[in-house]
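Source file start_21.cif; content: mmCIF, C-alpha atoms.
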data_structure
loop_
_atom_site.label_atom_id
_atom_site.label_comp_id
_atom_site.auth_asym_id
_atom_site.auth_seq_id
_atom_site.Cartn_x
_atom_site.Cartn_y
_atom_site.Cartn_z
CA MET K 3 38.95 22.63 22.54
CA PRO K 4 37.40 23.90 25.79
CA GLN K 5 33.72 23.15 26.27
CA GLN K 6 31.49 25.97 25.10
CA GLU K 7 29.40 27.69 27.73
CA GLY K 8 25.68 28.20 27.19
CA PRO K 9 23.22 26.08 25.20
CA PRO K 10 24.39 23.72 22.43
CA THR K 11 24.74 25.33 19.02
CA VAL K 12 23.02 24.13 15.85
CA VAL K 13 24.33 25.68 12.64
CA ILE K 14 22.39 25.77 9.37
CA VAL K 15 24.60 25.67 6.28
CA GLY K 16 24.18 25.09 2.57
CA ARG K 17 24.81 26.67 -0.77
CA PRO K 18 22.81 29.83 -1.61
CA ASN K 19 19.04 29.69 -2.17
CA VAL K 20 18.30 26.19 -0.84
CA GLY K 21 15.95 27.48 1.89
CA LYS K 22 18.23 27.91 4.91
CA SER K 23 16.54 31.09 6.12
CA THR K 24 13.07 29.63 5.62
CA LEU K 25 14.12 26.64 7.73
CA PHE K 26 15.57 28.96 10.38
CA ASN K 27 12.30 30.93 10.55
CA SER K 28 10.21 27.75 10.73
CA ILE K 29 12.21 26.37 13.64
CA ILE K 30 12.17 29.54 15.73
CA GLY K 31 8.52 30.18 14.83
CA GLN K 32 8.86 33.72 13.58
CA ARG K 33 10.32 35.71 10.71
CA ARG K 34 13.85 36.63 11.83
CA SER K 35 15.87 35.89 8.71
CA ILE K 36 15.01 37.68 5.47
CA VAL K 37 13.59 35.23 2.94
CA GLY K 38 13.70 35.75 -0.82
CA ASP K 39 14.45 34.08 -4.12
CA GLU K 40 17.71 35.94 -4.72
CA PRO K 41 20.74 33.80 -3.86
CA GLY K 42 22.95 35.09 -1.09
CA ILE K 43 20.46 37.28 0.79
CA THR K 44 21.78 36.13 4.18
CA ARG K 45 25.29 37.57 4.38
CA ASP K 46 25.95 37.42 8.13
CA ARG K 47 25.42 34.96 10.92
CA ILE K 48 21.92 35.31 12.36
CA HIS K 49 21.31 33.50 15.62
CA ARG K 50 18.45 32.93 17.99
CA VAL K 51 17.83 30.74 21.04
CA ALA K 52 15.26 28.06 20.25
CA THR K 53 13.73 25.10 22.09
CA TYR K 54 12.35 21.76 21.06
CA ASP K 55 10.56 19.49 23.54
CA GLY K 56 12.11 21.34 26.47
CA ARG K 57 15.66 21.18 25.07
CA GLY K 58 17.21 24.57 24.40
CA PHE K 59 19.82 25.37 21.75
CA GLU K 60 21.24 28.30 19.85
CA LEU K 61 20.27 28.22 16.18
CA ILE K 62 22.58 29.96 13.70
CA ASP K 63 21.71 30.79 10.09
CA THR K 64 24.82 31.31 7.97
CA GLY K 65 25.29 32.95 4.61
CA GLY K 66 25.19 30.62 1.62
CA ILE K 67 28.53 28.84 1.35
CA ILE K 68 30.33 27.86 -1.82
CA PRO K 69 33.80 26.68 -0.77
CA ASN K 70 36.74 28.03 -2.77
CA ASP K 71 34.64 30.67 -4.53
CA ALA K 72 36.00 34.04 -3.47
CA GLU K 73 33.67 35.99 -5.77
CA LEU K 74 30.35 34.57 -4.50
CA ILE K 75 31.43 34.03 -0.91
CA PRO K 76 33.62 36.80 0.48
CA SER K 77 36.28 35.54 2.86
CA GLU K 78 34.63 37.26 5.84
CA ILE K 79 31.41 35.27 5.36
CA LEU K 80 33.33 32.00 5.14
CA LYS K 81 35.32 33.02 8.23
CA GLN K 82 32.10 33.77 10.15
CA ALA K 83 30.57 30.46 9.09
CA ARG K 84 33.71 28.47 9.90
CA PHE K 85 33.81 29.88 13.43
CA ALA K 86 30.20 28.81 13.98
CA LEU K 87 30.84 25.35 12.53
CA ASP K 88 33.85 24.74 14.76
CA HIS K 89 31.66 25.34 17.83
CA ALA K 90 28.56 23.48 16.62
CA ALA K 91 26.99 20.56 18.45
CA ASN K 92 25.18 19.64 15.22
CA ILE K 93 25.33 20.97 11.67
CA VAL K 94 22.18 21.05 9.54
CA PHE K 95 23.29 20.76 5.92
CA VAL K 96 20.41 22.04 3.77
CA VAL K 97 20.12 20.84 0.16
CA ASP K 98 17.47 21.48 -2.47
CA GLY K 99 15.39 18.32 -2.89
CA ARG K 100 14.00 19.50 -6.22
CA SER K 101 17.36 19.81 -7.93
CA GLU K 102 20.23 17.47 -8.69
CA LEU K 103 23.30 17.31 -6.50
CA THR K 104 25.74 20.06 -7.49
CA SER K 105 29.50 20.30 -7.25
CA ALA K 106 28.97 22.99 -4.60
CA ASP K 107 26.97 20.50 -2.50
CA ARG K 108 29.73 17.92 -2.82
CA ASP K 109 32.49 20.41 -2.01
CA LEU K 110 30.63 21.62 1.06
CA ALA K 111 30.05 18.01 2.16
CA GLN K 112 33.78 17.38 1.91
CA MET K 113 34.49 20.47 4.04
CA LEU K 114 31.96 19.36 6.66
CA ARG K 115 33.47 15.86 6.83
CA GLU K 116 36.86 17.40 7.56
CA ILE K 117 35.39 19.40 10.47
CA GLY K 118 34.28 16.15 12.09
CA LYS K 119 31.06 17.43 13.67
CA PRO K 120 27.70 15.56 13.57
CA VAL K 121 25.90 16.48 10.34
CA THR K 122 22.19 16.18 9.63
CA VAL K 123 21.18 16.54 5.98
CA ALA K 124 17.88 18.40 5.52
CA VAL K 125 16.53 17.69 2.05
CA ASN K 126 14.31 20.74 1.66
CA LYS K 127 11.28 21.38 -0.56
CA ILE K 128 9.89 17.85 -0.14
CA ASP K 129 6.26 18.89 0.31
CA SER K 130 4.60 15.62 -0.71
CA PRO K 131 5.28 11.92 -0.07
CA ARG K 132 5.40 11.49 -3.83
CA ARG K 133 8.55 13.61 -3.85
CA SER K 134 10.25 11.44 -1.22
CA ASP K 135 12.03 9.44 -3.91
CA LEU K 136 14.08 12.58 -4.56
CA THR K 137 15.71 12.16 -1.14
CA SER K 138 17.75 9.03 -1.77
CA GLN K 139 20.36 10.65 -4.04
CA PHE K 140 21.57 12.80 -1.14
CA TYR K 141 22.97 9.77 0.69
CA GLU K 142 25.79 10.12 -1.84
CA LEU K 143 27.05 13.02 0.27
CA GLY K 144 28.24 10.45 2.79
CA PHE K 145 26.13 11.34 5.84
CA PRO K 146 23.76 8.70 7.29
CA ASP K 147 21.21 11.10 8.85
CA VAL K 148 19.08 12.37 5.97
CA TYR K 149 15.64 13.91 6.58
CA PRO K 150 13.12 15.07 3.95
CA VAL K 151 11.54 18.36 5.03
CA SER K 152 9.53 21.25 3.72
CA ALA K 153 10.66 24.36 5.57
CA GLU K 154 7.90 26.42 3.94
CA HIS K 155 5.10 24.05 4.99
CA LYS K 156 6.80 22.86 8.22
CA LEU K 157 6.71 19.21 7.20
CA GLY K 158 9.21 16.71 8.61
CA LEU K 159 10.67 19.17 11.12
CA ASP K 160 9.62 17.24 14.24
CA GLU K 161 11.46 14.08 13.18
CA MET K 162 14.58 16.05 12.27
CA LEU K 163 14.60 18.15 15.46
CA GLU K 164 13.98 15.10 17.64
CA HIS K 165 17.13 13.56 16.15
CA ILE K 166 19.22 16.73 16.42
CA THR K 167 18.30 17.56 20.02
CA SER K 168 18.09 14.02 21.45
CA ASP K 169 21.32 14.46 23.48
CA PHE K 170 20.78 18.10 24.44
CA PRO K 171 20.09 18.89 28.12
CA ARG K 172 16.69 20.08 29.23
CA THR K 173 16.44 23.84 29.61
CA ASP K 174 15.16 23.65 33.19
CA GLY K 175 17.21 20.60 34.13
CA ASP K 176 14.06 18.54 34.77
CA PRO K 177 12.42 16.12 32.39
CA ALA K 178 9.69 17.86 30.47
CA PRO K 179 6.25 16.30 30.60
CA ALA K 180 5.72 14.04 27.64
CA ALA K 181 3.78 15.77 24.90
CA LYS K 182 0.37 14.24 24.33
CA MET K 183 0.19 12.16 21.19
CA ARG K 184 -1.93 13.83 18.52
CA ILE K 185 -3.13 11.84 15.53
CA LYS K 186 -4.93 13.44 12.60
CA VAL K 187 -7.41 11.03 11.02
CA ALA K 188 -9.28 11.55 7.75
CA ILE K 189 -12.53 9.63 7.35
CA ILE K 190 -13.02 9.03 3.63
CA GLY K 191 -15.36 7.09 1.40
CA ARG K 192 -17.97 7.49 -1.29
CA PRO K 193 -21.16 9.39 -0.40
CA ASN K 194 -23.70 7.89 2.00
CA VAL K 195 -21.58 5.07 3.44
CA GLY K 196 -21.95 6.47 6.98
CA LYS K 197 -18.88 8.66 7.45
CA SER K 198 -20.69 11.38 9.41
CA THR K 199 -22.53 8.81 11.52
CA LEU K 200 -19.17 7.18 12.29
CA LEU K 201 -17.67 10.54 13.29
CA ASN K 202 -20.62 11.20 15.62
CA ALA K 203 -20.22 7.75 17.17
CA LEU K 204 -16.50 8.32 17.72
CA ALA K 205 -17.05 11.77 19.18
CA GLY K 206 -20.13 10.81 21.17
CA SER K 207 -21.99 13.87 19.90
CA GLU K 208 -23.98 15.15 16.94
CA ARG K 209 -21.13 17.20 15.49
CA ALA K 210 -21.57 16.47 11.78
CA ILE K 211 -24.87 16.79 9.93
CA VAL K 212 -26.25 13.31 9.32
CA SER K 213 -28.75 12.69 6.55
CA PRO K 214 -29.76 9.77 4.35
CA VAL K 215 -29.33 12.06 1.32
CA ALA K 216 -26.05 11.32 -0.45
CA GLY K 217 -23.58 14.19 -0.36
CA THR K 218 -24.92 16.04 2.70
CA THR K 219 -21.42 16.81 3.95
CA ARG K 220 -20.00 19.52 1.70
CA ASP K 221 -17.15 20.71 3.88
CA ALA K 222 -14.66 18.99 6.16
CA VAL K 223 -15.58 18.85 9.83
CA ASP K 224 -12.92 18.55 12.54
CA GLU K 225 -13.60 16.90 15.87
CA VAL K 226 -10.95 16.41 18.58
CA VAL K 227 -11.58 13.34 20.72
CA GLU K 228 -9.38 12.41 23.68
CA HIS K 229 -9.11 8.67 24.26
CA ASP K 230 -6.56 6.97 26.55
CA ASP K 231 -4.52 10.20 26.77
CA VAL K 232 -4.26 10.55 22.98
CA ASP K 233 -5.87 13.37 20.99
CA TYR K 234 -7.53 12.10 17.82
CA VAL K 235 -8.35 14.88 15.36
CA PHE K 236 -11.04 13.46 13.09
CA VAL K 237 -11.80 15.04 9.74
CA ASP K 238 -15.06 13.97 8.15
CA THR K 239 -14.45 14.76 4.49
CA ALA K 240 -17.20 15.31 1.98
CA GLY K 241 -18.24 12.18 0.11
CA ILE K 242 -15.84 11.64 -2.77
CA ARG K 243 -17.15 11.13 -6.28
CA ARG K 244 -14.89 10.53 -9.25
CA LYS K 245 -13.99 13.80 -10.97
CA GLY K 246 -15.69 12.82 -14.23
CA LYS K 247 -18.97 12.25 -12.39
CA THR K 248 -19.02 15.56 -10.51
CA HIS K 249 -20.89 18.24 -12.42
CA LEU K 250 -21.54 20.85 -9.77
CA MET K 251 -18.69 23.08 -8.65
CA ALA K 252 -19.36 22.27 -4.97
CA GLU K 253 -19.04 18.56 -5.73
CA LYS K 254 -15.80 19.07 -7.65
CA LEU K 255 -14.42 21.19 -4.83
CA SER K 256 -15.31 18.45 -2.32
CA VAL K 257 -13.09 16.00 -4.21
CA VAL K 258 -10.18 18.44 -4.20
CA MET K 259 -10.62 19.22 -0.50
CA ALA K 260 -10.96 15.57 0.46
CA ARG K 261 -7.72 14.75 -1.33
CA LYS K 262 -6.08 17.69 0.45
CA HIS K 263 -7.20 16.31 3.83
CA ILE K 264 -5.83 12.90 2.87
CA ARG K 265 -2.44 14.53 2.28
CA MET K 266 -2.54 16.33 5.65
CA ALA K 267 -3.74 13.33 7.70
CA ASN K 268 -1.62 10.76 9.54
CA VAL K 269 -4.11 7.89 9.29
CA ILE K 270 -6.94 7.28 6.81
CA VAL K 271 -10.15 5.46 7.72
CA LEU K 272 -11.75 4.22 4.50
CA VAL K 273 -15.43 3.55 5.12
CA VAL K 274 -17.18 0.98 2.93
CA ASP K 275 -20.83 -0.06 3.06
CA ALA K 276 -21.28 -3.71 4.02
CA SER K 277 -24.95 -3.66 3.00
CA GLU K 278 -24.08 -2.66 -0.57
CA GLY K 279 -20.83 -4.56 -0.86
CA LEU K 280 -17.65 -3.29 -2.49
CA VAL K 281 -17.87 -1.19 -5.65
CA ALA K 282 -15.26 0.12 -8.08
CA SER K 283 -15.28 3.63 -6.61
CA ASP K 284 -14.23 2.21 -3.22
CA ALA K 285 -10.96 1.04 -4.78
CA THR K 286 -10.51 4.38 -6.56
CA ILE K 287 -10.88 6.29 -3.31
CA ALA K 288 -8.56 3.87 -1.51
CA GLY K 289 -6.03 4.52 -4.26
CA TYR K 290 -5.92 8.22 -3.32
CA ALA K 291 -4.77 7.34 0.20
CA HIS K 292 -2.33 4.68 -1.01
CA GLU K 293 -0.75 7.10 -3.50
CA GLU K 294 -0.15 9.59 -0.71
CA GLY K 295 1.57 6.92 1.41
CA ARG K 296 -0.83 7.17 4.32
CA ALA K 297 -1.49 4.54 6.97
CA LEU K 298 -4.92 3.12 6.20
CA ILE K 299 -7.72 1.18 7.86
CA ILE K 300 -10.61 -0.39 5.95
CA CYS K 301 -13.71 0.21 8.05
CA VAL K 302 -16.65 -2.00 7.08
CA ASN K 303 -19.72 -0.06 8.22
CA LYS K 304 -23.37 -1.20 8.50
CA TRP K 305 -22.22 -4.71 9.36
CA ASP K 306 -25.40 -5.16 11.42
CA ILE K 307 -27.55 -5.10 8.25
CA SER K 308 -25.15 -6.89 5.92
CA ALA K 309 -26.42 -9.95 4.08
CA GLU K 310 -22.96 -11.51 4.50
CA LYS K 311 -22.53 -12.62 8.11
CA ARG K 312 -19.12 -14.29 7.84
CA ARG K 313 -16.33 -11.82 8.46
CA THR K 314 -13.66 -14.07 6.95
CA ALA K 315 -15.60 -14.27 3.69
CA PHE K 316 -15.98 -10.47 3.53
CA ILE K 317 -12.26 -9.99 4.28
CA GLU K 318 -11.44 -12.30 1.37
CA LYS K 319 -13.54 -10.06 -0.89
CA VAL K 320 -11.71 -7.01 0.44
CA ARG K 321 -8.32 -8.58 -0.25
CA ASP K 322 -9.39 -9.57 -3.76
CA GLU K 323 -10.71 -6.10 -4.62
CA PHE K 324 -7.96 -4.13 -2.83
CA LYS K 325 -4.86 -6.18 -3.67
CA PHE K 326 -2.66 -3.10 -3.22
CA LEU K 327 -3.94 -2.70 0.37
CA ASP K 328 -2.80 -6.04 1.76
CA TYR K 329 -1.18 -4.15 4.68
CA ALA K 330 -4.44 -2.47 5.77
CA PRO K 331 -6.34 -3.94 8.75
CA VAL K 332 -10.07 -4.56 8.29
CA VAL K 333 -12.47 -3.63 11.10
CA PHE K 334 -16.22 -4.22 11.26
CA VAL K 335 -18.52 -1.64 12.84
CA SER K 336 -22.04 -0.35 12.96
CA ALA K 337 -21.77 3.39 13.32
CA LYS K 338 -25.53 3.59 13.90
CA THR K 339 -25.58 1.18 16.86
CA GLY K 340 -22.03 1.89 18.02
CA ALA K 341 -20.93 -1.75 17.74
CA GLY K 342 -17.17 -2.03 17.26
CA VAL K 343 -16.63 1.74 17.10
CA LYS K 344 -14.53 2.09 20.25
CA GLY K 345 -12.11 -0.53 18.98
CA LEU K 346 -11.19 1.80 16.12
CA PHE K 347 -9.15 4.00 18.48
CA LYS K 348 -6.71 1.20 19.23
CA VAL K 349 -6.30 0.27 15.57
CA ILE K 350 -5.75 3.91 14.55
CA ARG K 351 -3.06 4.33 17.17
CA GLU K 352 -1.32 1.10 16.16
CA CYS K 353 -1.29 2.16 12.50
CA TYR K 354 0.06 5.61 13.41
CA GLU K 355 2.83 4.12 15.53
CA ALA K 356 3.71 1.65 12.76
CA ALA K 357 3.92 4.44 10.18
CA SER K 358 6.08 6.49 12.59
CA LYS K 359 8.48 3.67 13.45
CA ARG K 360 12.21 4.06 12.76
CA VAL K 361 14.56 1.10 12.53
CA PRO K 362 18.24 1.83 13.37
CA THR K 363 20.63 1.44 10.45
CA GLY K 364 22.70 -1.15 12.28
CA GLU K 365 19.65 -3.33 12.84
CA LEU K 366 18.64 -2.97 9.21
CA ASN K 367 22.04 -4.07 7.99
CA ARG K 368 21.96 -7.15 10.23
CA PHE K 369 18.58 -7.86 8.65
CA VAL K 370 20.08 -7.46 5.15
CA GLU K 371 22.88 -9.92 5.94
CA ALA K 372 20.31 -12.58 6.84
CA LEU K 373 18.29 -12.24 3.61
CA GLU K 374 18.36 -14.90 0.94
CA VAL K 375 19.09 -13.06 -2.30
CA ASP K 376 20.34 -13.79 -5.80
CA PRO K 377 24.15 -14.19 -5.63
CA ASP K 378 24.46 -11.73 -8.54
CA LEU K 379 22.65 -9.06 -6.52
CA LYS K 380 24.64 -7.71 -3.62
CA LEU K 381 22.79 -5.64 -1.04
CA ARG K 382 25.55 -3.55 0.45
CA PHE K 383 23.70 -1.18 2.74
CA MET K 384 20.19 -0.25 3.89
CA THR K 385 18.94 2.74 5.84
CA GLN K 386 15.56 4.22 6.67
CA ALA K 387 15.21 7.59 5.00
CA SER K 388 11.89 8.75 6.43
CA ILE K 389 8.64 7.85 8.15
CA ARG K 390 4.96 8.21 7.25
CA PRO K 391 5.37 6.28 5.05
CA PRO K 392 8.41 4.27 6.22
CA THR K 393 10.87 4.67 3.36
CA PHE K 394 14.00 2.55 3.02
CA VAL K 395 16.98 3.20 0.78
CA VAL K 396 18.83 0.10 -0.40
CA PHE K 397 22.28 0.42 -1.95
CA THR K 398 22.91 -2.43 -4.37
CA SER K 399 25.55 -3.65 -6.79
CA ARG K 400 23.28 -3.05 -9.78
CA PRO K 401 22.97 0.30 -11.56
CA LYS K 402 19.29 -0.25 -12.39
CA ARG K 403 16.29 -0.54 -10.12
CA ILE K 404 15.72 -3.97 -8.61
CA HIS K 405 12.93 -6.12 -10.07
CA PHE K 406 9.47 -5.48 -8.61
CA SER K 407 9.23 -9.11 -7.46
CA PHE K 408 12.36 -8.72 -5.32
CA GLU K 409 11.08 -5.38 -4.05
CA ARG K 410 7.89 -7.17 -3.01
CA TYR K 411 9.93 -9.86 -1.29
CA LEU K 412 11.94 -7.21 0.54
CA ILE K 413 8.80 -5.42 1.76
CA ASN K 414 7.31 -8.70 2.98
CA GLN K 415 10.50 -9.56 4.87
CA ILE K 416 10.61 -6.09 6.45
CA ARG K 417 7.03 -6.55 7.65
CA LYS K 418 7.81 -10.03 8.96
CA ARG K 419 10.82 -8.76 10.90
CA PHE K 420 9.74 -5.28 12.03
CA GLY K 421 5.95 -5.10 11.74
CA PHE K 422 4.65 -1.96 9.99
CA GLU K 423 1.07 -3.23 9.79
CA GLY K 424 -1.36 -0.66 8.47
CA THR K 425 1.14 1.42 6.53
CA PRO K 426 2.60 1.20 3.04
CA ILE K 427 6.36 0.71 2.79
CA VAL K 428 8.44 2.45 0.15
CA ILE K 429 11.70 1.01 -1.21
CA ARG K 430 14.23 3.19 -3.04
CA THR K 431 17.35 1.67 -4.58
CA ARG K 432 20.67 3.30 -5.33
CA PRO K 433 23.81 1.81 -6.88
CA THR K 434 26.79 1.89 -4.53
CA ASP K 435 29.56 2.67 -7.00
CA LYS K 436 28.94 6.40 -7.19
CA ARG K 437 28.38 6.64 -3.45
CA GLU K 438 31.65 4.82 -2.78
CA ARG K 439 33.52 7.16 -5.10
CA GLU K 440 32.11 10.18 -3.32
CA SER K 441 33.05 8.84 0.10
CA LYS K 442 36.66 8.46 -1.00
CA ARG K 443 37.06 12.00 -2.25
#
File written out as structure tokens:
Amino acid sequence: MPQQEGPPTVVIVGRPNVGKSTLFNSIIGQRRSIVGDEPGITRDRIHRVATYDGRGFELIDTGGIIPNDAELIPSEILKQARFALDHAANIVFVVDGRSELTSADRDLAQMLREIGKPVTVAVNKIDSPRRSDLTSQFYELGFPDVYPVSAEHKLGLDEMLEHITSDFPRTDGDPAPAAKMRIKVAIIGRPNVGKSTLLNALAGSERAIVSPVAGTTRDAVDEVVEHDDVDYVFVDTAGIRRKGKTHLMAEKLSVVMARKHIRMANVIVLVVDASEGLVASDATIAGYAHEEGRALIICVNKWDISAEKRRTAFIEKVRDEFKFLDYAPVVFVSAKTGAGVKGLFKVIRECYEAASKRVPTGELNRFVEALEVDPDLKLRFMTQASIRPPTFVVFTSRPKRIHFSFERYLINQIRKRFGFEGTPIVIRTRPTDKRERESKR
């Protein structure tokens, strides 16, 4: 086939009503495709030139495809879509992450395999890390590049587009300047542990209202701080109290908003008060960040007035109280005097980079071959499904989930081999039998 003139083409396909048009609109940044709940709204090819990181491409939104269904998909629509697919540099296969795999998904996957073009699976409607476990079933379609996204909320699009456009030429022919790294950081903790004072010390200004009265900060305050060519967007959330202890509506709202900012942040700084020691609510608040899969740093504030002067002894207490946060680095600061505050920038960046790290599938499978495992358990294949948090899908010989002790061993070995300090690691397991059957269809 002669080489196509013009920019590379990226074609969005999928069965009706999985969110193709919403994804199209999110990528181009404006409402070009009509979006609605009725299946089959997009009947024609809609195309638009788009760019990502200086790399231009033509994006095509096709009508919902159900192969071999003449009633739902008129032959002209399938003909239009097939022409676009034959000329595509990459095909984005959109599936609904909130529903089970359907026969239409499998039939379309078979058709795409026969075309022989690169396929990226976009598992749509994954709007929370807690839904990321829904992604692993879509590896059964037989494509290694699977990305969880939320087209509506524009989550996960950067990682997917970076993969899709990595080999595309620059629009102007010259390397684009590297985009400045931007890290969103939520400062959390119970009231009056020094969160606002820490924010002011990091920003070098009196941006947040500081008061010795617990609960002064009612809203979230954003402060952008540039440090070593990285933009840190700090969010000082209102002091979190447990829901059962919050009687005023403003206090209850502060808990909801703080948890929202945890979900939207890249890195969490959990502030604890060294002068008071660790309390039960510290662990509760830390649990919010851990549940959301966020990279996390335990920041021990007011170290200058702590009765405990041995850092190793305090770290032991932290590890005992926060057993589920064994991956989180512990830093000691005095927000009031500024001691140790500047060092936080480096730790935040390291945690962000760890949470954003991707390990190639080939390297992961070499790692799997070197593991010492029960002879009855065969690890056939491992791939990294997503980042923030790093999520790995392991295909095994067993139909049931692996024992938690082996999962723990696997996480520890991944950390030993690849790092990932400061971020939780998620393991999903899938039996290989069904996947192998699908690949042979």
Using all atoms listed in the file: which of K:Val269, K:Ala205, K:Leu373, K:Leu61 has the shortest distance to Lys22 in chain K: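 Of the candidates, the smallest distance to Lys22 in chain K is held by K:Leu61.
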Straight-line distance linking CA of Pro10 in chain K with CA of His165 in chain K, stated in Å to one decimal: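 Between these atoms lies a distance of 14.0 Å.
Applied to this file, the PyMOL selection byres ((chain K and resi 83-95) around 6) selects the residues K:Pro10, K:Thr11, K:Val12, K:Val13, K:Ile14, K:Val15, K:Gly16, K:Thr64, K:Leu80, K:Lys81, K:Gln82, K:Val96, K:Pro120, K:Val121, K:Thr122, K:Val123, K:Ala124.
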Using only C-alpha atoms, please write the residues we just selected to a file, as a CSV table (one decimal), in the frame of the given file.
chain,number,residue,atom,x,y,z
K,10,PRO,CA,24.4,23.7,22.4
K,11,THR,CA,24.7,25.3,19.0
K,12,VAL,CA,23.0,24.1,15.8
K,13,VAL,CA,24.3,25.7,12.6
K,14,ILE,CA,22.4,25.8,9.4
K,15,VAL,CA,24.6,25.7,6.3
K,16,GLY,CA,24.2,25.1,2.6
K,64,THR,CA,24.8,31.3,8.0
K,80,LEU,CA,33.3,32.0,5.1
K,81,LYS,CA,35.3,33.0,8.2
K,82,GLN,CA,32.1,33.8,10.2
K,96,VAL,CA,20.4,22.0,3.8
K,120,PRO,CA,27.7,15.6,13.6
K,121,VAL,CA,25.9,16.5,10.3
K,122,THR,CA,22.2,16.2,9.6
K,123,VAL,CA,21.2,16.5,6.0
K,124,ALA,CA,17.9,18.4,5.5
On this structure, which residues satisfy the PyMOL selection byres ((chain K and resi 100-105) around 9), written as a list in words?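 When the PyMOL selection byres ((chain K and resi 100-105) around 9) is applied to the shown file, the picked residues are Val97, Asp98, Gly99, Ala106, Asp107, Arg108, Asp109, Leu110, Val125, Asn126, Lys127, Ile128, Arg133, Leu136, Gln139, Phe140, Glu142 and Leu143 of chain K.
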Residue contacts of range 356-366 of chain K (7 Å, only C-alpha atoms) excluding same-chain residues fewer than 2 positions away, as a PyMOL selection string: chain K and resi 297+352-354+368-370+384-386+389-392+422-423+425
With the file shown as input, list the residues that the PyMOL selection byres ((chain K and resi 232) around 8) selects, as a VMD selection string. chain K and resid 182 to 185 228 to 231 233 to 234
Separation of CA of Gly206 in chain K and CA of Ile189 in chain K, in Å? 15.8 Å
Pairwise distance for CA of Glu318 in chain K and CA of Glu278 in chain K, rounded to one decimal in Å: 16.0 Å
Out of K:Val187, K:Val235, K:Val343, K:Leu204, which residue has the shortest atom-to-atom distance to Leu298 in chain K when counting only C-alpha atoms? K:Val187
Determine, for each residue of range 397-436 of chain K having at least one atom at most 12 Å from an atom of range 324-336 of chain K, the closest pair of atoms and their separation in Å to one decimal, counting all atoms listed in the file; order by chain and ascending number, as CSV.
residue,atom,partner,partner_atom,distance
K:Arg410,CA,K:Phe326,CA,11.3
K:Ile413,CA,K:Tyr329,CA,10.5
K:Asn414,CA,K:Tyr329,CA,9.8
K:Arg417,CA,K:Tyr329,CA,9.1
K:Lys418,CA,K:Tyr329,CA,11.6
K:Gly421,CA,K:Tyr329,CA,10.1
K:Phe422,CA,K:Tyr329,CA,8.2
K:Glu423,CA,K:Tyr329,CA,5.7
K:Gly424,CA,K:Ala330,CA,4.5
K:Thr425,CA,K:Tyr329,CA,6.3
K:Pro426,CA,K:Tyr329,CA,6.8
K:Ile427,CA,K:Tyr329,CA,9.2
So which one's closest to Phe383 in chain K, K:Val151, K:Leu412, K:Leu272, K:Val395? Using all atoms listed in the file, please.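 Of K:Val151, K:Leu412, K:Leu272, K:Val395, the one nearest Phe383 in chain K, counting all atoms listed in the file, is K:Val395.
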Measuring between all atoms listed in the file, which one of K:Leu159, K:Ile404, K:Leu346, K:Ala111 shows the shortest distance to Tyr54 in chain K? K:Leu159
List the residues sitting within 12 Å of (21.0, 17.3, 24.4) in the file's frame, using only C-alpha atoms, as a ChimeraX atom specification. /K:9-12,53-60,91-92,163-173,175,177
Just checking: using all atoms listed in the file, which residue out of K:Val375, K:Pro433, K:Asn303, K:Ala341 ends up closest to Ser407 in chain K? K:Val375
Calculated over only C-alpha atoms, which of the candidates K:Ile317, K:Ile287, K:Val271, K:Leu114 has the smallest distance to Ile300 in chain K? K:Val271
